>>> print(open('structure-v3.cif').read())   # mmCIF, C-alpha atoms
data_data
loop_
_atom_site.label_atom_id
_atom_site.label_comp_id
_atom_site.auth_asym_id
_atom_site.auth_seq_id
_atom_site.Cartn_x
_atom_site.Cartn_y
_atom_site.Cartn_z
CA MET A 18 49.52 55.97 -143.15
CA ILE A 19 46.54 53.68 -143.51
CA HIS A 20 44.39 55.86 -141.31
CA ASP A 21 44.78 58.83 -143.66
CA THR A 22 43.73 56.95 -146.81
CA PRO A 23 40.65 58.62 -148.29
CA ILE A 24 37.59 56.40 -148.25
CA THR A 25 34.96 56.56 -150.99
CA GLU A 26 31.20 56.18 -150.61
CA ASP A 27 31.38 53.16 -152.86
CA GLU A 28 33.83 51.53 -150.49
CA LEU A 29 31.42 51.89 -147.60
CA HIS A 30 28.78 50.04 -149.61
CA ALA A 31 31.31 47.47 -150.72
CA TYR A 32 32.29 46.91 -147.12
CA VAL A 33 28.72 46.06 -146.18
CA ASP A 34 28.21 43.87 -149.23
CA GLY A 35 31.42 41.87 -149.00
CA GLU A 36 32.75 43.44 -152.18
CA LEU A 37 35.68 45.25 -150.61
CA PRO A 38 39.18 44.11 -151.58
CA PRO A 39 40.83 42.72 -148.42
CA GLU A 40 43.64 45.26 -148.49
CA ARG A 41 41.15 48.11 -148.03
CA ARG A 42 39.39 46.62 -145.06
CA GLU A 43 41.62 48.04 -142.41
CA ALA A 44 41.38 51.54 -143.85
CA VAL A 45 37.60 51.41 -143.99
CA GLU A 46 37.31 50.13 -140.45
CA ALA A 47 39.66 52.81 -139.22
CA TRP A 48 37.55 55.44 -140.98
CA LEU A 49 34.33 54.13 -139.47
CA ALA A 50 35.89 54.11 -136.01
CA ALA A 51 36.75 57.78 -136.47
CA HIS A 52 33.50 58.90 -138.15
CA PRO A 53 30.41 57.98 -136.13
CA ASP A 54 27.95 59.35 -138.69
CA ASP A 55 29.28 57.07 -141.39
CA ASP A 56 29.42 54.24 -138.93
CA ALA A 57 25.73 54.75 -138.13
CA ARG A 58 24.84 54.70 -141.82
CA VAL A 59 26.77 51.49 -142.39
CA ARG A 60 25.03 49.88 -139.45
CA GLN A 61 21.69 50.92 -140.82
CA TRP A 62 22.49 49.46 -144.22
CA ARG A 63 23.31 46.19 -142.48
CA ALA A 64 20.05 46.40 -140.58
CA MET A 65 18.17 46.88 -143.88
CA SER A 66 19.71 43.69 -145.24
CA GLU A 67 18.72 41.84 -142.11
CA MET A 68 15.16 43.15 -142.34
CA LEU A 69 14.95 41.99 -145.95
CA HIS A 70 16.17 38.55 -145.01
CA GLU A 71 13.82 38.35 -142.06
CA LYS A 72 10.91 39.36 -144.23
CA TYR A 73 11.59 37.22 -147.30
CA ASP A 74 13.88 34.30 -146.54
CA HIS A 75 10.93 32.11 -145.60
CA VAL A 76 10.02 31.96 -149.29
CA ILE A 77 13.15 29.86 -149.88
CA ASP A 78 11.79 27.21 -147.55
CA GLU A 79 8.31 27.13 -149.06
CA PRO A 80 7.52 24.05 -151.13
CA VAL A 81 7.63 24.96 -154.81
CA PRO A 82 4.04 25.28 -156.11
CA ALA A 83 2.93 22.70 -158.66
CA HIS A 84 2.52 25.18 -161.49
CA LEU A 85 6.22 25.96 -161.28
CA SER A 86 7.28 22.35 -161.66
CA LEU A 87 9.68 22.05 -164.58
CA ASP A 88 8.09 18.83 -165.76
CA ARG A 89 4.84 20.64 -166.31
CA LEU A 90 6.42 23.70 -167.88
CA ASP A 91 8.76 21.80 -170.12
CA ARG A 92 6.69 20.49 -172.95
CA ARG A 93 8.49 18.33 -175.45
CA PRO A 94 11.66 20.32 -176.14
CA ARG A 95 11.72 22.07 -179.46
CA GLN A 96 14.35 20.12 -181.32
CA TRP A 97 15.84 22.39 -183.90
CA ALA A 98 18.21 19.70 -185.11
CA SER A 99 15.52 17.19 -185.98
CA MET A 100 13.44 19.84 -187.70
CA ALA A 101 16.37 20.90 -189.85
CA VAL A 102 16.96 17.30 -190.87
CA ALA A 103 13.34 17.02 -191.92
CA ALA A 104 13.81 20.10 -194.03
CA THR A 105 16.68 18.64 -195.99
CA LEU A 106 14.72 15.47 -196.65
CA ALA A 107 11.49 17.08 -197.63
CA ALA A 108 12.33 19.56 -200.33
CA PHE A 109 9.44 19.93 -202.68
CA ILE A 110 8.50 22.12 -205.57
CA ILE A 111 5.38 24.20 -205.57
CA GLY A 112 3.67 24.13 -208.92
CA GLY A 113 1.18 26.64 -210.13
CA GLY A 114 -2.44 25.63 -210.69
CA ALA A 115 -3.54 22.05 -210.27
CA GLY A 116 -1.14 19.94 -208.32
CA TYR A 117 2.16 19.84 -206.50
CA ALA A 118 5.20 18.04 -207.79
CA LEU A 119 6.70 16.25 -204.85
CA ARG A 120 10.33 15.43 -204.60
CA GLY A 121 11.64 13.94 -201.41
CA VAL A 122 11.01 11.32 -198.81
CA ILE A 123 8.41 12.94 -196.63
CA THR A 124 5.04 14.09 -197.92
CA PRO A 125 4.21 17.56 -196.73
CA SER A 126 0.78 17.95 -195.24
CA PRO A 127 -1.70 19.44 -197.69
CA VAL A 128 -2.30 22.26 -195.26
CA ILE A 129 1.35 23.25 -195.16
CA ALA A 130 1.71 22.89 -198.90
CA SER A 131 -1.30 25.14 -199.45
CA LEU A 132 -0.06 27.67 -196.94
CA THR A 133 3.36 27.71 -198.55
CA GLY A 134 1.84 28.34 -201.94
CA ASP A 135 -0.18 31.25 -200.65
CA ALA A 136 2.79 32.66 -198.78
CA LEU A 137 5.01 32.52 -201.84
CA GLU A 138 2.31 34.22 -203.89
CA ALA A 139 2.14 37.01 -201.33
CA HIS A 140 5.92 37.19 -201.16
CA ARG A 141 6.29 37.58 -204.93
CA LEU A 142 3.43 40.08 -205.10
CA TYR A 143 4.72 42.47 -202.47
CA VAL A 144 8.53 42.30 -202.42
CA VAL A 145 8.67 44.01 -205.81
CA GLU A 146 6.70 46.99 -204.52
CA VAL A 147 8.77 50.13 -204.14
CA ARG A 148 6.16 52.56 -202.89
CA HIS A 149 3.68 50.26 -201.12
CA PRO A 150 5.44 47.10 -199.97
CA VAL A 151 3.57 47.10 -196.67
CA GLU A 152 0.46 48.62 -195.22
CA VAL A 153 1.78 49.60 -191.79
CA ALA A 154 5.43 50.57 -191.54
CA ALA A 155 8.00 49.51 -188.96
CA ASN A 156 7.84 52.84 -187.17
CA GLU A 157 4.41 51.76 -185.92
CA ARG A 158 5.55 48.33 -184.85
CA ALA A 159 3.54 48.15 -181.63
CA HIS A 160 0.35 49.19 -183.39
CA LEU A 161 1.03 46.76 -186.23
CA GLN A 162 1.48 43.85 -183.85
CA GLN A 163 -1.63 44.76 -181.89
CA TRP A 164 -3.74 45.15 -185.03
CA LEU A 165 -2.64 41.81 -186.46
CA THR A 166 -3.10 40.10 -183.10
CA ASN A 167 -6.66 41.43 -182.89
CA ARG A 168 -7.55 40.30 -186.42
CA CYS A 169 -5.73 36.99 -186.50
CA GLY A 170 -6.50 35.70 -183.02
CA TRP A 171 -3.04 34.64 -181.81
CA PRO A 172 -0.20 36.76 -180.38
CA VAL A 173 1.40 38.22 -183.52
CA ARG A 174 4.93 39.57 -183.08
CA ALA A 175 7.49 40.75 -185.60
CA PRO A 176 10.68 38.92 -184.61
CA GLU A 177 14.08 40.62 -184.27
CA LEU A 178 16.17 39.65 -187.28
CA ASP A 179 19.07 42.03 -186.70
CA ALA A 180 21.39 39.06 -186.32
CA GLN A 181 20.75 38.28 -190.00
CA GLY A 182 21.13 41.91 -191.03
CA LEU A 183 17.40 42.23 -191.64
CA LYS A 184 15.35 45.24 -190.63
CA LEU A 185 11.59 45.27 -190.43
CA VAL A 186 9.94 47.16 -193.28
CA GLY A 187 6.42 46.64 -191.95
CA GLY A 188 3.45 44.37 -192.33
CA ARG A 189 -0.06 43.82 -193.59
CA LEU A 190 -3.13 41.65 -193.12
CA LEU A 191 -3.91 39.08 -195.76
CA PRO A 192 -6.60 36.49 -196.41
CA GLY A 193 -5.25 33.06 -195.52
CA PRO A 194 -6.67 29.69 -196.57
CA THR A 195 -8.85 29.27 -193.47
CA GLY A 196 -8.80 32.74 -191.94
CA PRO A 197 -6.70 35.89 -191.70
CA ALA A 198 -2.95 35.78 -192.17
CA SER A 199 -0.26 38.05 -190.76
CA PHE A 200 2.49 39.18 -193.09
CA PHE A 201 5.81 40.87 -192.22
CA MET A 202 8.46 42.07 -194.61
CA TYR A 203 12.15 42.52 -193.82
CA GLU A 204 14.98 43.98 -195.84
CA ASN A 205 18.78 43.87 -195.64
CA ALA A 206 21.35 46.41 -196.69
CA ALA A 207 21.64 44.73 -200.08
CA GLY A 208 17.94 45.28 -200.66
CA GLU A 209 17.04 41.60 -200.42
CA ARG A 210 13.63 41.04 -198.91
CA PHE A 211 12.35 38.27 -196.68
CA THR A 212 8.77 37.80 -195.59
CA ILE A 213 7.07 35.94 -192.74
CA TYR A 214 3.56 34.72 -193.43
CA ALA A 215 1.47 33.11 -190.68
CA SER A 216 -2.01 31.69 -190.72
CA ARG A 217 -4.04 29.08 -188.90
CA ALA A 218 -3.12 25.54 -189.86
CA ALA A 219 -5.29 22.72 -188.62
CA GLY A 220 -3.24 19.75 -187.52
CA GLY A 221 -1.16 21.23 -184.73
CA THR A 222 2.59 20.97 -185.10
CA SER A 223 4.71 19.80 -188.02
CA ASN A 224 8.31 19.56 -188.99
CA MET A 225 10.01 22.14 -191.14
CA ARG A 226 9.78 21.94 -194.92
CA TYR A 227 11.79 23.62 -197.62
CA ALA A 228 10.18 24.61 -200.88
CA ALA A 229 11.38 26.53 -203.91
CA ARG A 230 9.72 28.12 -206.91
CA ASP A 231 11.85 29.89 -209.52
CA GLN A 232 13.95 32.45 -207.67
CA ASP A 233 12.12 32.21 -204.36
CA GLY A 234 12.52 29.77 -201.52
CA ALA A 235 10.50 29.13 -198.40
CA MET A 236 10.80 27.34 -195.07
CA SER A 237 7.47 26.27 -193.62
CA TRP A 238 6.34 24.71 -190.39
CA ALA A 239 3.31 24.53 -188.15
CA ASP A 240 3.42 25.21 -184.46
CA LYS A 241 0.42 24.55 -182.24
CA GLY A 242 -2.14 25.32 -184.91
CA VAL A 243 -0.40 28.26 -186.61
CA GLY A 244 1.50 27.73 -189.85
CA TYR A 245 4.58 29.86 -190.59
CA VAL A 246 6.28 30.43 -193.91
CA VAL A 247 9.56 32.32 -194.16
CA ALA A 248 10.18 33.26 -197.79
CA GLY A 249 13.14 34.88 -199.47
CA PRO A 250 15.67 34.58 -202.28
CA VAL A 251 16.36 30.93 -203.04
CA ASP A 252 19.46 30.46 -200.85
CA LYS A 253 18.64 27.50 -198.67
CA GLN A 254 21.36 28.09 -196.12
CA LYS A 255 20.40 31.72 -195.59
CA LEU A 256 16.72 30.84 -195.43
CA THR A 257 17.47 28.22 -192.80
CA GLN A 258 19.30 30.77 -190.66
CA VAL A 259 16.49 33.31 -190.93
CA ALA A 260 13.85 30.65 -190.28
CA ARG A 261 15.72 29.54 -187.21
CA LEU A 262 15.68 33.05 -185.78
CA VAL A 263 11.96 33.32 -186.42
CA PHE A 264 11.34 29.86 -185.00
CA ASP A 265 13.21 30.63 -181.79
CA GLN A 266 11.20 33.76 -181.20
CA THR A 267 7.73 32.47 -181.87
CA GLU A 268 5.58 31.63 -178.91
CA GLY A 269 5.18 27.95 -178.12
CA GLN A 270 1.76 28.48 -176.56
CA LYS A 271 -0.94 29.43 -179.01
CA LEU A 272 -4.65 29.80 -179.42
CA MET B 2 20.36 18.54 -171.08
CA THR B 3 19.73 17.36 -167.53
CA ASP B 4 22.45 19.52 -165.99
CA PHE B 5 20.80 22.63 -167.35
CA ARG B 6 17.37 21.66 -166.08
CA ASP B 7 18.71 20.63 -162.70
CA SER B 8 20.54 23.93 -162.33
CA VAL B 9 17.44 25.89 -163.30
CA GLU B 10 15.33 23.87 -160.90
CA SER B 11 17.70 24.52 -158.01
CA MET B 12 17.28 28.26 -158.47
CA ILE B 13 13.50 28.32 -158.26
CA PRO B 14 13.28 29.04 -154.50
CA ALA B 15 15.62 32.03 -154.70
CA LEU B 16 13.84 33.36 -157.79
CA ARG B 17 10.55 33.12 -155.91
CA ARG B 18 12.02 35.06 -153.02
CA TYR B 19 13.35 37.79 -155.30
CA ALA B 20 10.08 38.03 -157.23
CA ARG B 21 8.10 38.21 -153.98
CA ALA B 22 10.22 41.07 -152.68
CA LEU B 23 10.15 42.81 -156.07
CA THR B 24 6.39 42.71 -156.58
CA ARG B 25 5.05 42.39 -153.02
CA ASP B 26 2.31 40.14 -154.40
CA ILE B 27 2.44 36.34 -154.01
CA ASP B 28 0.49 35.42 -157.15
CA LEU B 29 2.13 38.01 -159.35
CA ALA B 30 5.53 36.91 -158.13
CA ASP B 31 4.90 33.27 -158.99
CA ASP B 32 3.52 34.26 -162.40
CA LEU B 33 6.75 36.11 -163.08
CA VAL B 34 8.78 33.10 -162.00
CA GLN B 35 6.69 30.84 -164.22
CA ASP B 36 7.22 33.11 -167.24
CA THR B 37 10.92 33.19 -166.45
CA LEU B 38 11.16 29.41 -166.29
CA VAL B 39 9.23 28.93 -169.51
CA ARG B 40 11.53 31.30 -171.33
CA ALA B 41 14.62 29.74 -169.80
CA LEU B 42 13.57 26.23 -170.81
CA ARG B 43 12.72 27.33 -174.34
CA SER B 44 15.99 29.19 -174.70
CA GLU B 45 18.23 26.40 -173.51
CA LYS B 46 19.95 26.16 -176.85
CA LEU B 47 20.48 29.91 -176.92
CA PHE B 48 22.16 29.91 -173.52
CA LEU B 49 25.79 29.55 -174.46
CA GLY B 50 27.22 29.07 -170.98
CA GLY B 51 28.20 31.80 -168.57
CA ASP B 52 26.40 32.55 -165.37
CA LEU B 53 23.07 30.74 -165.33
CA ARG B 54 22.02 32.43 -162.11
CA ALA B 55 22.61 35.93 -163.44
CA TRP B 56 20.83 34.98 -166.67
CA LEU B 57 17.72 33.83 -164.83
CA TYR B 58 17.64 36.99 -162.71
CA THR B 59 18.03 39.03 -165.88
CA ILE B 60 15.02 37.38 -167.50
CA LEU B 61 12.89 37.92 -164.41
CA THR B 62 13.97 41.52 -163.94
CA ASN B 63 13.21 42.32 -167.57
CA LEU B 64 9.83 40.62 -167.43
CA ASN B 65 8.89 42.69 -164.41
CA ARG B 66 10.11 45.87 -166.04
CA ASN B 67 8.02 45.16 -169.14
CA ARG B 68 5.02 44.50 -166.95
CA ARG B 69 5.47 47.75 -165.07
CA ARG B 70 5.88 49.75 -168.28
CA SER B 71 2.62 48.47 -169.66
CA LEU B 72 0.64 49.55 -166.62
CA ALA B 73 -1.66 52.55 -166.98
CA ARG B 74 0.26 55.78 -167.32
CA ARG B 75 -2.17 57.88 -165.35
CA PRO B 76 -0.85 58.99 -161.98
CA VAL B 77 -1.95 56.40 -159.45
CA LEU B 78 -1.22 56.12 -155.80
CA THR B 79 0.22 52.71 -155.03
CA GLU B 80 -1.94 50.46 -152.98
CA LEU B 81 0.27 48.60 -150.60
CA HIS B 82 -0.69 45.02 -149.98
CA ASP B 83 -0.05 43.55 -146.59
CA THR B 84 1.23 40.08 -147.35
CA PRO B 85 0.52 37.70 -144.47
CA GLU B 86 3.68 37.55 -142.42
CA PRO B 87 4.49 34.16 -140.90
CA SER B 88 7.75 35.15 -139.24
CA GLY B 89 9.70 38.19 -138.13
CA THR B 90 8.48 41.26 -136.36
CA GLU B 91 5.26 42.27 -138.10
CA ALA B 92 5.82 45.98 -137.74
CA GLU B 93 9.37 45.78 -139.04
CA GLY B 94 8.27 43.66 -141.96
CA ARG B 95 5.64 46.20 -142.97
CA ASP B 96 8.12 49.02 -142.72
CA ILE B 97 10.69 47.52 -145.06
CA THR B 98 7.95 46.53 -147.51
CA ARG B 99 6.54 50.03 -147.57
CA ALA B 100 9.98 51.51 -147.84
CA LEU B 101 10.75 49.27 -150.82
CA ALA B 102 7.55 50.40 -152.50
CA THR B 103 8.76 53.99 -152.55
CA LEU B 104 11.80 53.12 -154.67
CA PRO B 105 11.91 53.46 -158.45
CA ASP B 106 12.05 50.02 -160.13
CA GLU B 107 15.76 50.03 -160.94
CA GLN B 108 16.77 51.04 -157.43
CA ARG B 109 14.53 48.45 -155.85
CA ALA B 110 15.95 45.77 -158.12
CA VAL B 111 19.56 46.71 -157.30
CA LEU B 112 18.95 46.75 -153.58
CA LEU B 113 17.20 43.38 -153.62
CA LEU B 114 19.76 41.75 -155.91
CA VAL B 115 22.62 42.91 -153.68
CA ALA B 116 21.19 42.87 -150.16
CA LEU B 117 18.69 40.00 -150.42
CA GLU B 118 19.97 37.78 -153.21
CA GLY B 119 23.65 38.37 -152.51
CA LEU B 120 24.68 38.90 -156.12
CA SER B 121 27.95 40.63 -156.86
CA TYR B 122 28.06 44.20 -158.18
CA ARG B 123 29.43 42.82 -161.45
CA ASP B 124 26.50 40.42 -161.77
CA VAL B 125 24.02 43.19 -161.06
CA ALA B 126 25.66 45.39 -163.72
CA GLU B 127 25.22 42.54 -166.19
CA ILE B 128 21.65 41.88 -165.14
CA GLN B 129 20.63 45.49 -165.52
CA GLY B 130 22.78 46.10 -168.57
CA VAL B 131 24.46 49.18 -167.10
CA PRO B 132 27.99 50.17 -166.04
CA MET B 133 29.16 49.41 -162.53
CA GLY B 134 29.04 53.12 -161.64
CA THR B 135 25.32 53.18 -162.36
CA VAL B 136 24.79 50.18 -160.11
CA MET B 137 26.64 51.92 -157.26
CA SER B 138 24.69 55.12 -157.70
CA ARG B 139 21.37 53.24 -157.70
CA LEU B 140 22.42 51.31 -154.62
CA ALA B 141 23.44 54.45 -152.77
CA ARG B 142 20.18 56.20 -153.60
CA ALA B 143 18.12 53.15 -152.66
CA ARG B 144 19.80 52.86 -149.30
CA ALA B 145 19.44 56.59 -148.65
CA GLN B 146 15.75 56.50 -149.54
CA ILE B 147 15.03 53.43 -147.40
CA ARG B 148 16.84 55.09 -144.54
CA SER B 149 14.67 58.20 -144.89
CA VAL B 150 11.46 56.21 -144.92
CA LEU B 151 12.46 54.10 -141.95
CA ASP B 152 13.43 57.25 -140.09
CA GLY B 153 9.96 58.59 -140.83
CA GLU B 154 11.02 61.56 -142.93
CA ARG B 155 9.18 60.73 -146.15
CA PRO B 156 5.56 59.83 -146.88
CA VAL B 157 5.00 56.16 -147.67
CA LEU B 158 2.66 56.58 -150.62
CA ARG B 159 4.16 57.74 -153.84
CA ARG B 160 2.79 58.98 -157.11
CA ILE B 161 3.58 56.76 -160.07
CA LYS B 162 4.23 58.70 -163.26
#
>>> encode(input="structure-v3.cif", output="structure tokens")
Amino acid sequence: MIHDTPITEDELHAYVDGELPPERREAVEAWLAAHPDDDARVRQWRAMSEMLHEKYDHVIDEPVPAHLSLDRLDRRPRQWASMAVAATLAAFIIGGGAGYALRGVITPSPVIASLTGDALEAHRLYVVEVRHPVEVAANERAHLQQWLTNRCGWPVRAPELDAQGLKLVGGRLLPGPTGPASFFMYENAAGERFTIYASRAAGGTSNMRYAARDQDGAMSWADKGVGYVVAGPVDKQKLTQVARLVFDQTEGQKL
Amino acid sequence: MTDFRDSVESMIPALRRYARALTRDIDLADDLVQDTLVRALRSEKLFLGGDLRAWLYTILTNLNRNRRRSLARRPVLTELHDTPEPSGTEAEGRDITRALATLPDEQRAVLLLVALEGLSYRDVAEIQGVPMGTVMSRLARARAQIRSVLDGERPVLRRIK
């Protein structure tokens, strides 16, 4: 008989919240009719919901404050597609010493070219280290980020690169062309290492550039006054994927 | 994409309500909503469809949780702010606010998402990243605790660990 069906606590909640399957409704109502204590609880739960609505529903009718307007919050959308196109057009080779050999349609800014050179130097210097590849290891990630943030002057965060099979090894502080630079190293199961180098770059925001030197490749861009260089083995497709992950996780608002 | 932005925009009032109830502080609530919107707009290309509403609530809930975790760890007695109350019985409003303040974060979030925002149990499970059973247990405990406070059995100030 319906009236003998056992009722669960969860079903009482579901009854109040409109989550009860229709076929259970009669059984629950019969139970509540026969059990005044449970009925009182259910009524009180309903009363709680009403109190919440009475207290807070007025917020729905408030005019949305100006600082929450999407037009203000939505700066020019970050167009990954157009940046990737710029990268394919603007491949250039970093030379050692005096100048840069440029190959491609778009001239990279001198700042980005310089940053890329420094980043590749750092990449080559440290990825071969077995015992001391980084100064602060990944097990002190929070401290590492805080330290670099304090020294560099913008919010420094080590992005999550698990989606590319890369785990954080750690990081260090480096001298950049116009100030300190943050440096993170990542490693995959195959032992390949990628690094992220960031330093101040006058000139705001730029499109993404690809560069290669011997066995190493790099994707570089500037974002609101900070230049980023993601370096790794010279596999442009892989570098693009890693750079994208880094790009998506970096803060838009800087300095 | 305009559809995405329009959908996000239409959810702002409800997000403000949820944030207000969650934090009991008007300015803090709107800051949370602003952070949520910024992240949502930036992540448009990462949002691969699914429930936009649940996604937005997830971002906001996580942002608040991060904020709470980074607060000082010393035991502190909560200071309860009396938000100016334009409508409803003043005494009743204070009671439910104080009662909410005695709940642990996860229980408060579940109660508000279900009872105020009207989200389904399944949505709440997704938002909190827990099994349905955990949602039900948090909901039951939240309702029991609120009931105790409203019945005057428990003190209204609680020690934060």
>>> closest_residue(input="structure-v3.cif", among="A:Leu69, A:Val59, A:Val147, A:Val173", to="chain B", atoms="all atoms listed in the file")
A:Leu69
>>> resolve_selection(input="structure-v3.cif", expression="the PyMOL selection byres ((chain B) within 8 of (chain A))", output="JSON, numbers by chain")
{"B": [6, 10, 13, 14, 15, 17, 18, 21, 22, 31, 34, 35, 38, 39, 42, 43, 44, 86, 88, 89, 93, 94, 97, 115, 116, 117, 119, 121, 122, 137, 141, 144, 148]}
>>> residues_near_point(input="structure-v3.cif", point="(18.5, 29.5, -189.9)", cutoff="12 Å", atoms="all atoms listed in the file", output="list in words")
Trp97, Ala98, Met100, Ala101, Ala104, Leu178, Ala180, Gln181, Met225, Tyr227, Ala235, Met236, Val247, Asp252, Lys253, Gln254, Lys255, Leu256, Thr257, Gln258, Val259, Ala260, Arg261, Leu262, Val263, Phe264 and Asp265 of chain A
>>> residues_around(input="structure-v3.cif", residues="Glu127 (chain B)", least_positions_apart="4", cutoff="9 Å", atoms="all atoms listed in the file", output="VMD selection string")
chain B and resid 55 to 56 59 122 to 123 131 to 133
>>> write_last_selection(input="structure-v3.cif", atoms="C-alpha atoms", output="PDB file, in the frame of the given file")
ATOM      1  CA  ALA B  55      22.610  35.930-163.440  1.00  0.00           C
ATOM      2  CA  TRP B  56      20.830  34.980-166.670  1.00  0.00           C
ATOM      3  CA  THR B  59      18.030  39.030-165.880  1.00  0.00           C
ATOM      4  CA  TYR B 122      28.060  44.200-158.180  1.00  0.00           C
ATOM      5  CA  ARG B 123      29.430  42.820-161.450  1.00  0.00           C
ATOM      6  CA  VAL B 131      24.460  49.180-167.100  1.00  0.00           C
ATOM      7  CA  PRO B 132      27.990  50.170-166.040  1.00  0.00           C
ATOM      8  CA  MET B 133      29.160  49.410-162.530  1.00  0.00           C
TER       9      MET B 133
END
>>> atom_distance(input="structure-v3.cif", atom1="CA of Tyr203 (chain A)", atom2="CA of Ser71 (chain B)")
26.6 Å
>>> atom_distance(input="structure-v3.cif", atom1="CA of Gln108 (chain B)", atom2="CA of Ala47 (chain A)")
29.3 Å
>>> resolve_selection(input="structure-v3.cif", expression="the PyMOL selection byres ((chain A and resi 152-167) around 10)", output="ChimeraX atom specification")
/A:149-151,168-175,184-191,197-203
>>> atom_distance(input="structure-v3.cif", atom1="CA of His140 (chain A)", atom2="CA of Pro194 (chain A)")
15.4 Å
>>> axis_aligned_box(input="structure-v3.cif", around="region 62-74 of chain A", padding_each_side="5 Å", output="lines of an AutoDock Vina configuration file")
center_x = 17.1
center_y = 41.9
center_z = -143.9
size_x = 22.4
size_y = 25.2
size_z = 16.7
>>> resolve_selection(input="structure-v3.cif", expression="the PyMOL selection byres ((chain A and resi 217) around 7)", output="MDAnalysis selection string")
chainID A and resid 195:196 216 218:219 242:244
